[in-house]
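Dumped start-v2.cif below, it's mmCIF, C-alpha atoms and all ligand atoms:
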```cif
data_structure
loop_
_atom_site.label_atom_id
_atom_site.label_comp_id
_atom_site.auth_asym_id
_atom_site.auth_seq_id
_atom_site.Cartn_x
_atom_site.Cartn_y
_atom_site.Cartn_z
CA MET A 125 3.53 -3.82 -13.93
CA LYS A 126 2.80 -5.56 -17.24
CA ILE A 127 1.66 -9.16 -16.86
CA ALA A 128 1.12 -11.78 -19.59
CA ILE A 129 -0.85 -14.94 -18.89
CA VAL A 130 0.36 -17.45 -21.47
CA TYR A 131 -1.79 -20.57 -21.60
CA SER A 132 -3.16 -23.41 -23.67
CA THR A 133 -6.62 -24.96 -23.53
CA LYS A 134 -8.42 -27.72 -25.40
CA ASN A 135 -11.92 -27.58 -23.98
CA GLY A 136 -12.07 -24.10 -22.42
CA SER A 137 -11.77 -24.67 -18.67
CA THR A 138 -8.24 -23.21 -18.51
CA GLU A 139 -9.61 -20.14 -20.29
CA LYS A 140 -12.04 -19.67 -17.37
CA ILE A 141 -9.22 -20.12 -14.86
CA VAL A 142 -6.96 -17.51 -16.50
CA ARG A 143 -9.78 -14.95 -16.84
CA LEU A 144 -10.57 -15.31 -13.13
CA MET A 145 -6.87 -15.04 -12.32
CA GLY A 146 -6.51 -11.91 -14.45
CA LYS A 147 -9.40 -10.18 -12.66
CA LYS A 148 -7.74 -10.76 -9.28
CA LEU A 149 -4.28 -9.56 -10.33
CA PRO A 150 -3.11 -6.08 -9.35
CA ALA A 151 -1.79 -5.20 -12.81
CA ASP A 152 -2.45 -2.10 -14.90
CA ASP A 153 -2.19 -4.28 -17.92
CA VAL A 154 -2.92 -8.04 -18.12
CA SER A 155 -2.61 -9.71 -21.53
CA TYR A 156 -4.12 -13.13 -22.22
CA ILE A 157 -2.13 -15.15 -24.76
CA ASN A 158 -3.71 -18.39 -25.93
CA LEU A 159 -0.97 -20.54 -27.47
CA CYS A 160 -3.57 -22.57 -29.38
CA LYS A 161 -4.30 -19.37 -31.35
CA ASP A 162 -0.88 -17.68 -31.28
CA SER A 163 1.82 -20.32 -31.06
CA ASP A 164 4.85 -18.00 -31.06
CA PRO A 165 4.03 -14.84 -29.09
CA GLN A 166 6.60 -12.16 -28.22
CA VAL A 167 6.72 -11.76 -24.44
CA ALA A 168 9.92 -9.75 -23.92
CA ASP A 169 8.00 -6.59 -22.95
CA TYR A 170 6.31 -8.15 -19.94
CA ASP A 171 7.55 -7.84 -16.34
CA MET A 172 5.82 -11.01 -15.26
CA ILE A 173 4.74 -14.06 -17.25
CA ILE A 174 2.25 -16.56 -15.83
CA ILE A 175 2.30 -19.85 -17.73
CA GLY A 176 -0.05 -22.81 -17.57
CA GLY A 177 -2.38 -25.31 -19.16
CA PRO A 178 -4.21 -28.62 -18.80
CA VAL A 179 -2.71 -32.08 -18.53
CA TYR A 180 -3.90 -34.64 -21.08
CA PHE A 181 -2.68 -38.22 -20.79
CA GLY A 182 -0.01 -37.16 -18.31
CA ALA A 183 1.44 -34.27 -20.33
CA ILE A 184 0.83 -30.58 -21.01
CA GLN A 185 -0.14 -29.63 -24.55
CA PRO A 186 2.77 -29.46 -27.06
CA GLN A 187 2.21 -25.73 -27.74
CA LEU A 188 2.89 -24.97 -24.10
CA LYS A 189 5.91 -27.25 -23.94
CA ARG A 190 7.37 -25.61 -27.09
CA PHE A 191 6.77 -22.08 -25.76
CA CYS A 192 8.65 -22.85 -22.53
CA GLU A 193 11.54 -24.51 -24.33
CA LYS A 194 11.91 -21.79 -26.96
CA ASN A 195 11.69 -18.91 -24.45
CA GLU A 196 13.48 -20.46 -21.50
CA LYS A 197 16.38 -17.98 -21.52
CA LEU A 198 14.03 -14.99 -21.54
CA LEU A 199 11.73 -16.54 -18.93
CA LEU A 200 14.68 -17.03 -16.57
CA ASN A 201 15.16 -13.24 -16.75
CA ARG A 202 11.56 -12.39 -15.91
CA GLU A 203 9.28 -12.98 -12.94
CA VAL A 204 7.49 -16.24 -13.72
CA ALA A 205 4.64 -18.23 -12.12
CA LEU A 206 3.62 -21.70 -13.32
CA PHE A 207 0.50 -23.82 -13.12
CA THR A 208 -1.12 -26.96 -14.48
CA CYS A 209 -4.80 -28.07 -14.43
CA GLY A 210 -5.82 -31.68 -14.11
CA LEU A 211 -8.31 -34.09 -12.61
CA LEU A 212 -5.86 -36.56 -11.11
CA SER A 213 -4.98 -34.90 -7.81
CA ASP A 214 -2.82 -37.86 -6.70
CA GLN A 215 -0.63 -37.31 -9.78
CA SER A 216 -0.67 -33.52 -9.86
CA GLU A 217 2.85 -33.02 -8.50
CA SER A 218 4.53 -35.54 -10.80
CA GLN A 219 2.58 -34.17 -13.77
CA PHE A 220 3.70 -30.64 -12.85
CA ASP A 221 7.34 -31.72 -12.55
CA LYS A 222 7.16 -33.39 -15.94
CA ALA A 223 5.51 -30.32 -17.50
CA TYR A 224 8.22 -27.75 -16.75
CA SER A 225 12.02 -27.91 -16.77
CA HIS A 226 13.93 -28.04 -13.53
CA LYS A 227 15.39 -24.57 -14.17
CA LEU A 228 11.98 -23.02 -14.77
CA ARG A 229 10.43 -24.68 -11.70
CA ASP A 230 13.29 -23.45 -9.51
CA HIS A 231 13.02 -19.93 -10.95
CA SER A 232 9.22 -19.67 -10.62
CA ILE A 233 7.99 -17.50 -7.74
CA CYS A 234 4.75 -19.47 -7.38
CA ASN A 235 3.62 -22.91 -8.56
CA ALA A 236 0.12 -24.42 -8.55
CA CYS A 237 -1.76 -27.51 -9.71
CA PHE A 238 -5.38 -26.41 -10.14
CA GLN A 239 -8.27 -28.81 -10.04
CA GLY A 240 -9.25 -29.32 -13.69
CA MET A 241 -12.81 -29.33 -15.00
CA VAL A 242 -14.72 -31.40 -17.49
CA ASN A 243 -16.99 -30.06 -20.18
CA PHE A 244 -18.65 -33.27 -21.36
CA GLU A 245 -20.33 -31.52 -24.29
CA LYS A 246 -16.91 -30.98 -25.85
CA LEU A 247 -15.62 -34.54 -25.41
CA ASN A 248 -15.90 -37.30 -27.98
CA PHE A 249 -17.03 -40.80 -27.02
CA PHE A 250 -13.49 -42.06 -26.41
CA GLU A 251 -12.59 -39.06 -24.23
CA LYS A 252 -15.78 -39.42 -22.15
CA LEU A 253 -14.96 -43.06 -21.58
CA MET A 254 -11.41 -42.17 -20.56
CA VAL A 255 -12.58 -39.58 -18.05
CA TRP A 256 -15.13 -41.92 -16.46
CA LYS A 257 -12.61 -44.75 -16.30
CA VAL A 258 -9.64 -42.81 -14.93
CA ALA A 259 -11.10 -39.91 -12.99
CA ALA A 260 -14.74 -40.67 -12.15
CA SER A 261 -14.35 -39.75 -8.47
CA ASN A 262 -12.43 -36.53 -9.26
CA ILE A 263 -14.75 -35.05 -11.87
CA GLU A 264 -15.27 -31.36 -11.21
CA PHE A 265 -17.65 -28.90 -12.84
CA HIS A 266 -16.63 -25.75 -10.94
CA THR A 267 -13.61 -23.49 -11.26
CA ASP A 268 -10.99 -23.98 -8.55
CA SER A 269 -11.54 -20.48 -7.17
CA ILE A 270 -9.91 -21.20 -3.80
CA GLY A 271 -6.74 -22.45 -5.51
CA ILE A 272 -6.70 -19.47 -7.87
CA THR A 273 -7.13 -16.96 -5.02
CA ARG A 274 -4.28 -18.59 -3.10
CA PHE A 275 -2.05 -18.49 -6.23
CA VAL A 276 -2.81 -14.81 -6.92
CA ASN A 277 -2.37 -13.84 -3.26
CA THR A 278 1.09 -15.42 -3.23
CA ILE A 279 2.02 -13.42 -6.34
CA LYS A 280 0.69 -10.24 -4.71
CA ARG A 281 2.58 -10.85 -1.46
CA ILE A 282 5.84 -11.48 -3.31
CA ASN A 283 5.34 -8.21 -5.19
CA GLY A 284 4.62 -6.31 -1.99
CA VAL A 285 0.94 -5.69 -2.69
CA VAL A 286 -1.08 -5.19 0.51
CA LEU A 287 -3.91 -7.73 0.56
CA ALA A 288 -7.39 -6.32 1.15
C1 LIG A 301 -9.13 -37.41 -22.67
C2 LIG A 301 -8.71 -36.73 -21.39
C3 LIG A 301 -7.50 -37.07 -20.78
C4 LIG A 301 -7.11 -36.43 -19.58
N1 LIG A 301 -5.93 -36.79 -19.00
C5 LIG A 301 -5.60 -36.26 -17.80
C6 LIG A 301 -4.41 -36.66 -17.12
O1 LIG A 301 -3.61 -37.46 -17.60
N2 LIG A 301 -4.16 -36.10 -15.91
C7 LIG A 301 -4.99 -35.20 -15.32
O2 LIG A 301 -4.71 -34.76 -14.18
N3 LIG A 301 -6.12 -34.77 -15.94
C8 LIG A 301 -6.43 -35.27 -17.16
N4 LIG A 301 -7.55 -34.85 -17.82
C9 LIG A 301 -8.35 -33.75 -17.24
C10 LIG A 301 -8.03 -32.38 -17.88
O3 LIG A 301 -6.71 -31.98 -17.60
C11 LIG A 301 -9.01 -31.33 -17.30
O4 LIG A 301 -10.32 -31.68 -17.69
C12 LIG A 301 -8.67 -29.92 -17.73
O5 LIG A 301 -9.36 -29.01 -16.89
C13 LIG A 301 -9.05 -29.64 -19.17
O6 LIG A 301 -8.64 -28.33 -19.51
P1 LIG A 301 -9.20 -27.55 -20.79
O7 LIG A 301 -10.71 -27.54 -20.68
O8 LIG A 301 -8.62 -26.17 -20.67
O9 LIG A 301 -8.72 -28.26 -22.01
C14 LIG A 301 -7.95 -35.45 -19.01
C15 LIG A 301 -9.15 -35.11 -19.64
C16 LIG A 301 -9.54 -35.73 -20.81
C17 LIG A 301 -10.83 -35.33 -21.47
#
```
Show me, as structure tokens, the structure contained in the file I just sent.
Amino acid sequence: MKIAIVYSTKNGSTEKIVRLMGKKLPADDVSYINLCKDSDPQVADYDMIIIGGPVYFGAIQPQLKRFCEKNEKLLLNREVALFTCGLLSDQSESQFDKAYSHKLRDHSICNACFQGMVNFEKLNFFEKLMVWKVAASNIEFHTDSIGITRFVNTIKRINGVVLA
């Protein structure tokens, strides 16, 4: 089974999430496609496409939004799983719903809102202030490994992989 993980990232925490996800997946061939580096990748050859990225100011990054819109027809003919990453757990569901079209959400075999992370070294003054103001109690410095394991296990179960 050929799997592509198509993602965006601004400060690198989603990169960590997708690498961990890829290691846990039972695929012969997992490709990592960063839309911030390759904005128009060809994904027709993949059996499964996992799509996700961080939420900034309530929305996913435009590269991710564009990829989903442009490839929607193809994606609806492939196995798809969707995720978002964010700090605001009380808004995670509404942010997720806003991120992906109704059709794509209904078609997806597995959806997840991962706990986002903050890399303060990469934030400018304004961004640091924003994070402290809006999400001080939700700030997380560790990868959401429990959430990722649950997400991958659901994908495995749906594909008939026996869990160890
Ligand atoms: C300026 C700024 C705005 C953010 N806005 C939101 C938001 O609206 N909702 C949310 O859940 N998380 C928000 N976050 C948290 C990010 O989604 C989280 O840190 C994510 O893991 C970053 O991913 P990245 O490192 O891959 O870019 C924000 C973070 C920053 C720095």
Any residue with an atom at most 8 Å from ligand LIG 301 (chain A) counts, using all atoms listed in the file. Which are they? Put them as a short mmCIF file (atom, residue, chain, number, x, y, z; two decimals) with C-alpha atoms, in the frame of the given file.
```cif
data_model
loop_
_atom_site.label_atom_id
_atom_site.label_comp_id
_atom_site.auth_asym_id
_atom_site.auth_seq_id
_atom_site.Cartn_x
_atom_site.Cartn_y
_atom_site.Cartn_z
CA SER A 132 -3.16 -23.41 -23.67
CA THR A 133 -6.62 -24.96 -23.53
CA LYS A 134 -8.42 -27.72 -25.40
CA ASN A 135 -11.92 -27.58 -23.98
CA GLY A 136 -12.07 -24.10 -22.42
CA SER A 137 -11.77 -24.67 -18.67
CA THR A 138 -8.24 -23.21 -18.51
CA GLU A 139 -9.61 -20.14 -20.29
CA GLY A 177 -2.38 -25.31 -19.16
CA PRO A 178 -4.21 -28.62 -18.80
CA VAL A 179 -2.71 -32.08 -18.53
CA TYR A 180 -3.90 -34.64 -21.08
CA PHE A 181 -2.68 -38.22 -20.79
CA GLY A 182 -0.01 -37.16 -18.31
CA ALA A 183 1.44 -34.27 -20.33
CA CYS A 209 -4.80 -28.07 -14.43
CA GLY A 210 -5.82 -31.68 -14.11
CA LEU A 211 -8.31 -34.09 -12.61
CA LEU A 212 -5.86 -36.56 -11.11
CA SER A 213 -4.98 -34.90 -7.81
CA GLN A 215 -0.63 -37.31 -9.78
CA SER A 216 -0.67 -33.52 -9.86
CA GLN A 219 2.58 -34.17 -13.77
CA GLN A 239 -8.27 -28.81 -10.04
CA GLY A 240 -9.25 -29.32 -13.69
CA MET A 241 -12.81 -29.33 -15.00
CA VAL A 242 -14.72 -31.40 -17.49
CA ASN A 243 -16.99 -30.06 -20.18
CA LEU A 247 -15.62 -34.54 -25.41
CA PHE A 250 -13.49 -42.06 -26.41
CA GLU A 251 -12.59 -39.06 -24.23
CA LYS A 252 -15.78 -39.42 -22.15
CA MET A 254 -11.41 -42.17 -20.56
CA VAL A 255 -12.58 -39.58 -18.05
CA ALA A 259 -11.10 -39.91 -12.99
#
```
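Nearest residue to A:Lys194, choosing from A:Asp164, A:Asp230, A:Asp221, A:Asp152 and counting only C-alpha atoms: A:Asp164.
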Computed interatomic separation between atom CA of A:Glu245 and atom CA of A:Gln185 (Å)
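Spanning atom CA of A:Glu245 to atom CA of A:Gln185 is a straight-line distance of 20.3 Å.
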Suppose you want the space between atom CA of A:Thr278 and atom CA of A:His226; what is it in Å?
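Between atom CA of A:Thr278 and atom CA of A:His226 the gap is 20.7 Å.
With all atoms listed in the file taken into account, the protein and nucleic acid residues at most 7 Å from A:Cys234 (excluding it and anything under 3 positions from it in its own chain) are A:Ala205, A:Leu206, A:Phe275, A:Thr278, A:Ile279.
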Distance criterion (all atoms listed in the file): nearest to A:Ile282 out of A:Ser232, A:Ser269, A:Asn248, A:Asn158:
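Between A:Ser232, A:Ser269, A:Asn248, A:Asn158, the residue approaching A:Ile282 most closely is A:Ser232.
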All residues 8 Å or closer to A:Phe207, only C-alpha atoms, same chain fewer than 4 positions away omitted, as an MDAnalysis selection string
chainID A and resid 174:177 220 235:238
Residues as selected, C-alpha atoms, written as a PDB file, in the frame of the given file, can you do that?
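The result, stored in part_15.pdb:
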```
ATOM      1  CA  ILE A 174       2.250 -16.560 -15.830  1.00  0.00           C
ATOM      2  CA  ILE A 175       2.300 -19.850 -17.730  1.00  0.00           C
ATOM      3  CA  GLY A 176      -0.050 -22.810 -17.570  1.00  0.00           C
ATOM      4  CA  GLY A 177      -2.380 -25.310 -19.160  1.00  0.00           C
ATOM      5  CA  PHE A 220       3.700 -30.640 -12.850  1.00  0.00           C
ATOM      6  CA  ASN A 235       3.620 -22.910  -8.560  1.00  0.00           C
ATOM      7  CA  ALA A 236       0.120 -24.420  -8.550  1.00  0.00           C
ATOM      8  CA  CYS A 237      -1.760 -27.510  -9.710  1.00  0.00           C
ATOM      9  CA  PHE A 238      -5.380 -26.410 -10.140  1.00  0.00           C
TER      10      PHE A 238
END
```
When you draw a straight line from atom CA of A:Arg281 to atom CA of A:Val204, how long is it in Å?
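Computed distance, atom CA of A:Arg281 to atom CA of A:Val204, equals 14.3 Å.
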I want to know what sits within 6 Å of A:Tyr170, based on only C-alpha atoms, with residues of the same chain fewer than 2 positions away left out; could you give that as a ChimeraX atom specification?
/A:126-127,167-168,172
Find the spatial neighbours of A:Val142, counting only C-alpha atoms, within a cut-off of 8 Å - ignore same-chain residues fewer than 4 positions away - and output them as a ChimeraX atom specification.
/A:129,131,138,146,156
Keeping C-alpha atoms, export the residues of the selection given above as a PDB file, in the coordinates of the input.
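Below you can see part-v4.pdb, which holds the result:
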```pdb
ATOM      1  CA  ILE A 129      -0.850 -14.940 -18.890  1.00  0.00           C
ATOM      2  CA  TYR A 131      -1.790 -20.570 -21.600  1.00  0.00           C
ATOM      3  CA  THR A 138      -8.240 -23.210 -18.510  1.00  0.00           C
ATOM      4  CA  GLY A 146      -6.510 -11.910 -14.450  1.00  0.00           C
ATOM      5  CA  TYR A 156      -4.120 -13.130 -22.220  1.00  0.00           C
TER       6      TYR A 156
END
```
